[in-house]
>>> print(open('start.txt').read())   # compact mmCIF, C-alpha atoms
# COMPACT_ATOMS: atom_id res chain seq x y z
CA MET A 1 -23.79 0.86 -11.11
CA PHE A 2 -26.14 3.70 -10.12
CA LYS A 3 -26.81 2.16 -6.69
CA THR A 4 -23.06 1.84 -6.15
CA LEU A 5 -22.48 5.48 -7.15
CA LYS A 6 -25.20 6.52 -4.72
CA SER A 7 -23.39 4.57 -1.99
CA ASP A 8 -20.15 6.34 -2.95
CA ILE A 9 -21.78 9.77 -2.59
CA ASN A 10 -23.40 8.87 0.74
CA ALA A 11 -20.07 7.53 2.05
CA ILE A 12 -18.39 10.86 1.34
CA LEU A 13 -21.20 12.82 2.99
CA GLU A 14 -20.92 10.60 6.09
CA ARG A 15 -17.12 10.73 6.38
CA ASP A 16 -16.21 14.23 5.21
CA PRO A 17 -17.48 17.05 7.45
CA ALA A 18 -16.60 19.54 4.69
CA ALA A 19 -19.09 17.97 2.24
CA ARG A 20 -22.29 20.01 2.19
CA SER A 21 -24.46 18.39 -0.46
CA LYS A 22 -24.75 15.55 -2.94
CA ALA A 23 -24.41 18.03 -5.80
CA GLU A 24 -21.13 19.32 -4.39
CA VAL A 25 -19.76 15.78 -4.11
CA PHE A 26 -20.96 14.78 -7.59
CA PHE A 27 -19.60 17.79 -9.47
CA LEU A 28 -16.61 18.96 -7.41
CA TYR A 29 -14.98 16.05 -5.57
CA SER A 30 -12.02 14.69 -7.55
CA GLY A 31 -11.99 11.44 -5.58
CA PHE A 32 -15.60 10.75 -6.48
CA LYS A 33 -14.96 11.65 -10.13
CA ALA A 34 -12.05 9.18 -10.24
CA VAL A 35 -14.14 6.37 -8.72
CA ARG A 36 -17.06 7.18 -11.02
CA SER A 37 -14.79 7.01 -14.07
CA HIS A 38 -13.25 3.79 -12.80
CA ARG A 39 -16.64 2.11 -12.56
CA LYS A 40 -17.27 2.89 -16.24
CA ALA A 41 -13.75 1.80 -17.22
CA HIS A 42 -14.10 -1.42 -15.23
CA TRP A 43 -17.34 -2.27 -17.07
CA PHE A 44 -15.62 -1.87 -20.44
CA TYR A 45 -12.60 -3.86 -19.20
CA ASN A 46 -14.79 -6.77 -18.12
CA HIS A 47 -16.55 -6.72 -21.50
CA ASN A 48 -13.21 -7.02 -23.34
CA HIS A 49 -13.08 -3.40 -24.51
CA LYS A 50 -9.69 -2.88 -22.89
CA PHE A 51 -8.57 0.03 -25.08
CA ILE A 52 -11.70 2.04 -24.21
CA ALA A 53 -11.22 1.10 -20.54
CA ARG A 54 -7.62 2.36 -20.56
CA PHE A 55 -8.64 5.53 -22.40
CA ILE A 56 -11.22 6.32 -19.70
CA SER A 57 -8.79 5.58 -16.87
CA GLN A 58 -5.98 7.68 -18.37
CA ARG A 59 -8.34 10.58 -19.09
CA SER A 60 -9.50 10.43 -15.48
CA ARG A 61 -5.87 10.38 -14.31
CA HIS A 62 -5.10 13.60 -16.19
CA LYS A 63 -8.21 15.29 -14.79
CA THR A 64 -8.00 14.15 -11.16
CA GLY A 65 -4.39 13.15 -10.48
CA ILE A 66 -5.67 9.72 -9.38
CA GLU A 67 -4.61 6.62 -11.32
CA ILE A 68 -6.79 3.51 -11.01
CA HIS A 69 -6.17 0.58 -13.33
CA PRO A 70 -9.48 -0.43 -14.97
CA ALA A 71 -9.01 -4.06 -13.88
CA ALA A 72 -8.93 -3.16 -10.17
CA LYS A 73 -11.96 -4.38 -8.21
CA ILE A 74 -13.52 -1.74 -5.95
CA GLY A 75 -16.45 -2.24 -3.59
CA LYS A 76 -19.12 0.29 -2.74
CA GLY A 77 -18.58 3.36 -0.59
CA LEU A 78 -14.93 4.07 -1.44
CA PHE A 79 -13.88 7.57 -0.32
CA ILE A 80 -10.64 8.92 -1.82
CA ASP A 81 -10.06 12.07 0.22
CA HIS A 82 -8.03 14.88 -1.44
CA GLY A 83 -6.80 12.15 -3.76
CA MET A 84 -3.87 13.70 -5.63
CA GLY A 85 -1.14 11.15 -6.29
CA VAL A 86 -3.17 8.02 -5.47
CA VAL A 87 -2.17 4.92 -7.50
CA ILE A 88 -4.22 1.71 -7.47
CA GLY A 89 -2.71 -1.23 -9.36
CA GLU A 90 -4.23 -3.74 -11.76
CA THR A 91 -4.86 -6.69 -9.42
CA THR A 92 -5.88 -4.60 -6.40
CA VAL A 93 -9.12 -5.54 -4.64
CA ILE A 94 -10.81 -3.00 -2.34
CA GLY A 95 -13.72 -3.96 -0.10
CA ASP A 96 -16.71 -1.86 0.93
CA ASN A 97 -16.58 1.49 2.74
CA CYS A 98 -12.83 2.03 2.58
CA THR A 99 -11.10 5.41 2.92
CA ILE A 100 -7.89 6.33 1.10
CA TYR A 101 -6.01 9.61 1.51
CA GLN A 102 -3.67 11.46 -0.86
CA ASN A 103 -0.41 10.00 -2.23
CA VAL A 104 -1.33 6.42 -1.33
CA THR A 105 0.04 3.60 -3.49
CA LEU A 106 -1.62 0.20 -3.63
CA GLY A 107 1.05 -1.40 -5.74
CA GLY A 108 3.43 -4.28 -6.30
CA THR A 109 7.08 -4.97 -5.55
CA GLY A 110 8.06 -6.18 -9.02
CA LYS A 111 8.79 -9.66 -7.64
CA ASP A 112 5.38 -11.26 -8.20
CA THR A 113 3.42 -12.38 -11.25
CA GLY A 114 -0.34 -12.81 -11.58
CA LYS A 115 -1.81 -11.37 -8.38
CA ARG A 116 0.68 -8.57 -7.64
CA HIS A 117 -1.25 -6.00 -5.62
CA PRO A 118 -2.93 -5.93 -2.21
CA THR A 119 -6.46 -6.85 -1.19
CA LEU A 120 -8.16 -4.48 1.27
CA GLY A 121 -11.03 -5.80 3.37
CA ASN A 122 -14.07 -3.76 4.39
CA ASN A 123 -13.83 -0.47 6.32
CA VAL A 124 -10.06 -0.15 5.84
CA LEU A 125 -8.42 3.27 6.23
CA VAL A 126 -5.12 4.05 4.49
CA GLY A 127 -3.44 7.26 5.66
CA ALA A 128 -1.75 9.91 3.50
CA GLY A 129 1.45 8.82 1.78
CA ALA A 130 1.19 5.17 2.82
CA LYS A 131 2.48 2.45 0.49
CA VAL A 132 0.89 -1.00 0.52
CA LEU A 133 3.03 -3.20 -1.71
CA GLY A 134 2.46 -6.86 -2.56
CA PRO A 135 -0.24 -9.51 -3.04
CA PHE A 136 -1.35 -9.87 0.59
CA LYS A 137 -4.51 -9.01 2.52
CA VAL A 138 -5.26 -6.08 4.78
CA GLY A 139 -8.05 -7.28 7.07
CA ASP A 140 -11.43 -5.68 7.79
CA ASN A 141 -11.39 -2.50 9.90
CA ALA A 142 -7.59 -2.21 9.68
CA ARG A 143 -5.88 1.19 9.93
CA ILE A 144 -2.65 2.04 8.12
CA ALA A 145 -0.90 5.15 9.41
CA ALA A 146 0.26 8.03 7.23
CA GLY A 147 3.64 7.35 5.63
CA ALA A 148 3.68 3.65 6.51
CA VAL A 149 5.23 1.13 4.11
CA VAL A 150 3.31 -2.13 4.40
CA LEU A 151 5.03 -5.21 2.97
CA SER A 152 3.15 -8.04 4.67
CA GLU A 153 -0.35 -9.01 5.80
CA VAL A 154 -2.22 -6.82 8.27
CA PRO A 155 -4.78 -8.63 10.48
CA ALA A 156 -8.36 -7.45 10.87
CA ASN A 157 -8.90 -4.69 13.45
CA ALA A 158 -5.18 -3.87 13.49
CA THR A 159 -3.26 -0.59 13.26
CA ALA A 160 0.01 -0.61 11.30
CA VAL A 161 2.63 2.16 11.46
CA GLY A 162 6.22 2.79 10.42
CA VAL A 163 8.78 1.82 7.77
CA PRO A 164 8.56 -1.09 7.38
CA ALA A 165 5.12 -1.19 8.98
CA ARG A 166 4.55 -3.04 12.25
CA ILE A 167 1.36 -3.75 14.19
CA VAL A 168 0.97 -1.44 17.21
CA LYS A 169 -2.68 -2.17 18.05
CA LEU A 170 -4.87 -5.23 17.57
CA ASN A 171 -8.55 -5.50 18.53
CA GLY A 172 -8.24 -2.27 20.49
CA ILE A 173 -5.27 -3.49 22.55
CA ARG A 174 -1.95 -1.69 22.09
CA SER A 175 0.70 -4.28 21.28
CA GLU A 176 3.67 -2.02 22.06
CA THR A 177 4.46 1.43 23.32
CA LEU A 178 4.66 3.65 20.27
CA ASP A 179 7.66 5.95 20.47
CA GLN A 180 7.51 8.65 17.79
CA ILE A 181 11.02 9.94 18.61
CA HIS A 182 13.29 6.92 19.10
CA VAL A 183 12.27 5.07 15.95
CA SER A 184 14.72 2.52 14.56
CA ASP A 185 16.43 3.58 11.35
CA PRO A 186 16.08 0.66 8.89
CA VAL A 187 19.08 1.85 6.84
CA ALA A 188 21.30 2.04 9.93
CA LEU A 189 20.15 -1.43 11.00
CA ALA A 190 20.95 -2.81 7.55
CA LEU A 191 24.43 -1.21 7.62
CA CYS A 192 25.10 -2.70 11.07
CA ASN A 193 24.07 -6.09 9.72
CA PHE A 194 26.45 -5.74 6.76
CA ASP A 195 29.25 -4.63 9.09
CA HIS A 196 28.72 -7.74 11.22
CA LYS A 197 28.82 -10.00 8.15
CA ILE A 198 32.00 -8.30 6.89
CA SER A 199 33.65 -8.89 10.28
CA ILE A 200 32.76 -12.59 10.08
CA LEU A 201 34.21 -12.83 6.55
CA GLN A 202 37.40 -11.04 7.61
CA ASN A 203 37.89 -13.51 10.47
CA GLU A 204 37.31 -16.44 8.12
CA ILE A 205 39.86 -15.03 5.62
CA LYS A 206 42.36 -14.57 8.44
CA GLU A 207 41.89 -18.18 9.55
CA VAL A 208 42.38 -19.42 5.96
CA LYS A 209 45.60 -17.41 5.60
CA GLU A 210 46.92 -18.72 8.92
CA LEU A 211 46.13 -22.26 7.80
CA GLU A 212 47.98 -21.70 4.50
CA GLU A 213 51.03 -20.33 6.35
CA PHE A 214 50.98 -23.33 8.66
CA GLU A 215 50.84 -25.74 5.70
CA LYS A 216 53.76 -23.93 4.00
CA LEU A 217 55.89 -24.30 7.14
CA ASN A 218 55.08 -28.00 7.29
CA HIS A 219 56.15 -28.47 3.65
CA LYS A 220 59.48 -26.73 4.30
CA GLU A 221 60.22 -29.06 7.20
>>> encode(input="start.txt", output="structure tokens")
Amino acid sequence: MFKTLKSDINAILERDPAARSKAEVFFLYSGFKAVRSHRKAHWFYNHNHKFIARFISQRSRHKTGIEIHPAAKIGKGLFIDHGMGVVIGETTVIGDNCTIYQNVTLGGTGKDTGKRHPTLGNNVLVGAGAKVLGPFKVGDNARIAAGAVVLSEVPANATAVGVPARIVKLNGIRSETLDQIHVSDPVALALCNFDHKISILQNEIKEVKELEEFEKLNHKE
């Protein structure tokens, strides 16, 4: 555990230009405090002391604003930057040297049982406010943009943006021209789809009524 905590401190010093010393990180960084508490809680959870594990995790949540379920598996070198509002679910797996910003949710959709939360590979970055929801994998070195909602697998070395998230770069090659202004509105698209389906149903109802009228005329004759 101590080697892992040392890796966590060094990761913050490497990735945060505002970090000035190991002492500052150890005593003052809420993200480090949350990860440190989680490592203790996870030990108790794995040794079947689940009440103690939950007590530690909930106490850490009240102190740091970061909620990590004690069953979540976290590799070395995790840096939770700023941290407030981060939620990491029970069956989440996080690889080594990942970076997570504030208001990120690594959660489920409510549709799955068993493995319900995402698996992050190594060196993954998840931007502020992003939501990664479901039991799929985010590959090594992937980047998830701020505010993205990821609902399906992200390949290694990919960049995902948008709601719902789409891949805009893979292995350093841009897969599409990213337009920050003319972004499709998913609600508008869904409404257009419903409108199209309603039109089809209306035409089918009209055809049925015409057929019924035709049959009535035949009976009269």
>>> closest_residue(input="start.txt", among="A:Leu151, A:Leu191, A:Ala11, A:Val104", to="Leu78 (chain A)", atoms="all atoms listed in the file")
A:Ala11
>>> residues_near_point(input="start.txt", point="(-12.8, 2.4, -12.4)", cutoff="12 Å", atoms="all atoms listed in the file", output="ChimeraX atom specification")
/A:1,5,31-46,52-61,66-76,78,87-90,92-94
>>> atom_distance(input="start.txt", atom1="CA of Val138 (chain A)", atom2="CA of Thr64 (chain A)")
25.9 Å
>>> residues_around(input="start.txt", residues="Lys22 (chain A)", least_positions_apart="6", cutoff="8 Å", atoms="all atoms listed in the file", output="PyMOL selection string")
chain A and resi 9-10+13
>>> write_last_selection(input="start.txt", atoms="C-alpha atoms", output="CSV table (one decimal), keeping the file's coordinate frame")
chain,number,residue,atom,x,y,z
A,9,ILE,CA,-21.8,9.8,-2.6
A,10,ASN,CA,-23.4,8.9,0.7
A,13,LEU,CA,-21.2,12.8,3.0
>>> residues_around(input="start.txt", residues="Thr113 (chain A)", least_positions_apart="3", cutoff="12 Å", atoms="only C-alpha atoms", output="MDAnalysis selection string")
chainID A and resid 90:91 108:110 116:117 134:135
>>> closest_residue(input="start.txt", among="A:Lys216, A:Lys137, A:His82, A:Lys131", to="Ala165 (chain A)", atoms="all atoms listed in the file")
A:Lys131
>>> atom_distance(input="start.txt", atom1="CA of Glu215 (chain A)", atom2="CA of Gln202 (chain A)")
20.0 Å
>>> residues_around(input="start.txt", residues="Val161 (chain A)", least_positions_apart="5", cutoff="6 Å", atoms="only C-alpha atoms", output="JSON list (two decimals) with C-alpha atoms, in the coordinates of the input")
[["chain", "number", "residue", "atom", "x", "y", "z"],
["A", 145, "ALA", "CA", -0.90, 5.15, 9.41],
["A", 148, "ALA", "CA", 3.68, 3.65, 6.51],
["A", 166, "ARG", "CA", 4.55, -3.04, 12.25]]
>>> build_atoms(input="start.txt", residues="region 190-218 of chain A", atoms="N, CA and C atoms", output="compact mmCIF listing (two decimals), in the frame of the given file")
# COMPACT_ATOMS: atom_id res chain seq x y z
N ALA A 190 20.42 -2.03 8.66
CA ALA A 190 20.95 -2.81 7.55
C ALA A 190 22.47 -2.67 7.46
N LEU A 191 22.98 -1.44 7.66
CA LEU A 191 24.43 -1.21 7.62
C LEU A 191 25.14 -1.95 8.75
N CYS A 192 24.53 -1.95 9.93
CA CYS A 192 25.10 -2.70 11.07
C CYS A 192 25.16 -4.19 10.76
N ASN A 193 24.11 -4.68 10.10
CA ASN A 193 24.07 -6.09 9.72
C ASN A 193 25.18 -6.43 8.73
N PHE A 194 25.37 -5.54 7.73
CA PHE A 194 26.45 -5.74 6.76
C PHE A 194 27.82 -5.70 7.44
N ASP A 195 27.99 -4.76 8.38
CA ASP A 195 29.25 -4.63 9.09
C ASP A 195 29.57 -5.91 9.86
N HIS A 196 28.53 -6.49 10.47
CA HIS A 196 28.72 -7.74 11.22
C HIS A 196 29.14 -8.87 10.28
N LYS A 197 28.49 -8.95 9.11
CA LYS A 197 28.82 -10.00 8.15
C LYS A 197 30.24 -9.83 7.60
N ILE A 198 30.64 -8.57 7.37
CA ILE A 198 32.00 -8.30 6.89
C ILE A 198 33.02 -8.74 7.93
N SER A 199 32.74 -8.47 9.21
CA SER A 199 33.65 -8.89 10.28
C SER A 199 33.82 -10.40 10.30
N ILE A 200 32.70 -11.12 10.11
CA ILE A 200 32.76 -12.59 10.08
C ILE A 200 33.62 -13.06 8.91
N LEU A 201 33.43 -12.44 7.73
CA LEU A 201 34.21 -12.83 6.55
C LEU A 201 35.69 -12.54 6.75
N GLN A 202 36.00 -11.39 7.36
CA GLN A 202 37.40 -11.04 7.61
C GLN A 202 38.06 -12.06 8.53
N ASN A 203 37.34 -12.50 9.56
CA ASN A 203 37.89 -13.51 10.47
C ASN A 203 38.11 -14.84 9.76
N GLU A 204 37.16 -15.20 8.86
CA GLU A 204 37.31 -16.44 8.12
C GLU A 204 38.51 -16.37 7.17
N ILE A 205 38.70 -15.21 6.51
CA ILE A 205 39.86 -15.03 5.62
C ILE A 205 41.16 -15.13 6.40
N LYS A 206 41.17 -14.52 7.59
CA LYS A 206 42.36 -14.57 8.44
C LYS A 206 42.70 -16.00 8.83
N GLU A 207 41.68 -16.79 9.17
CA GLU A 207 41.89 -18.18 9.55
C GLU A 207 42.44 -19.00 8.38
N VAL A 208 41.91 -18.71 7.16
CA VAL A 208 42.38 -19.42 5.96
C VAL A 208 43.85 -19.09 5.69
N LYS A 209 44.21 -17.81 5.81
CA LYS A 209 45.60 -17.41 5.60
C LYS A 209 46.54 -18.05 6.62
N GLU A 210 46.10 -18.09 7.88
CA GLU A 210 46.92 -18.72 8.92
C GLU A 210 47.12 -20.20 8.64
N LEU A 211 46.04 -20.84 8.15
CA LEU A 211 46.13 -22.26 7.80
C LEU A 211 47.10 -22.47 6.65
N GLU A 212 47.06 -21.60 5.64
CA GLU A 212 47.98 -21.70 4.50
C GLU A 212 49.43 -21.52 4.93
N GLU A 213 49.67 -20.55 5.84
CA GLU A 213 51.03 -20.33 6.35
C GLU A 213 51.51 -21.55 7.11
N PHE A 214 50.63 -22.15 7.88
CA PHE A 214 50.98 -23.33 8.66
C PHE A 214 51.36 -24.49 7.74
N GLU A 215 50.57 -24.66 6.64
CA GLU A 215 50.84 -25.74 5.70
C GLU A 215 52.16 -25.51 4.97
N LYS A 216 52.48 -24.24 4.67
CA LYS A 216 53.76 -23.93 4.00
C LYS A 216 54.94 -24.28 4.90
N LEU A 217 54.83 -23.97 6.18
CA LEU A 217 55.89 -24.30 7.14
C LEU A 217 56.08 -25.80 7.25
N ASN A 218 55.00 -26.54 7.23
CA ASN A 218 55.08 -28.00 7.29
C ASN A 218 55.78 -28.58 6.07
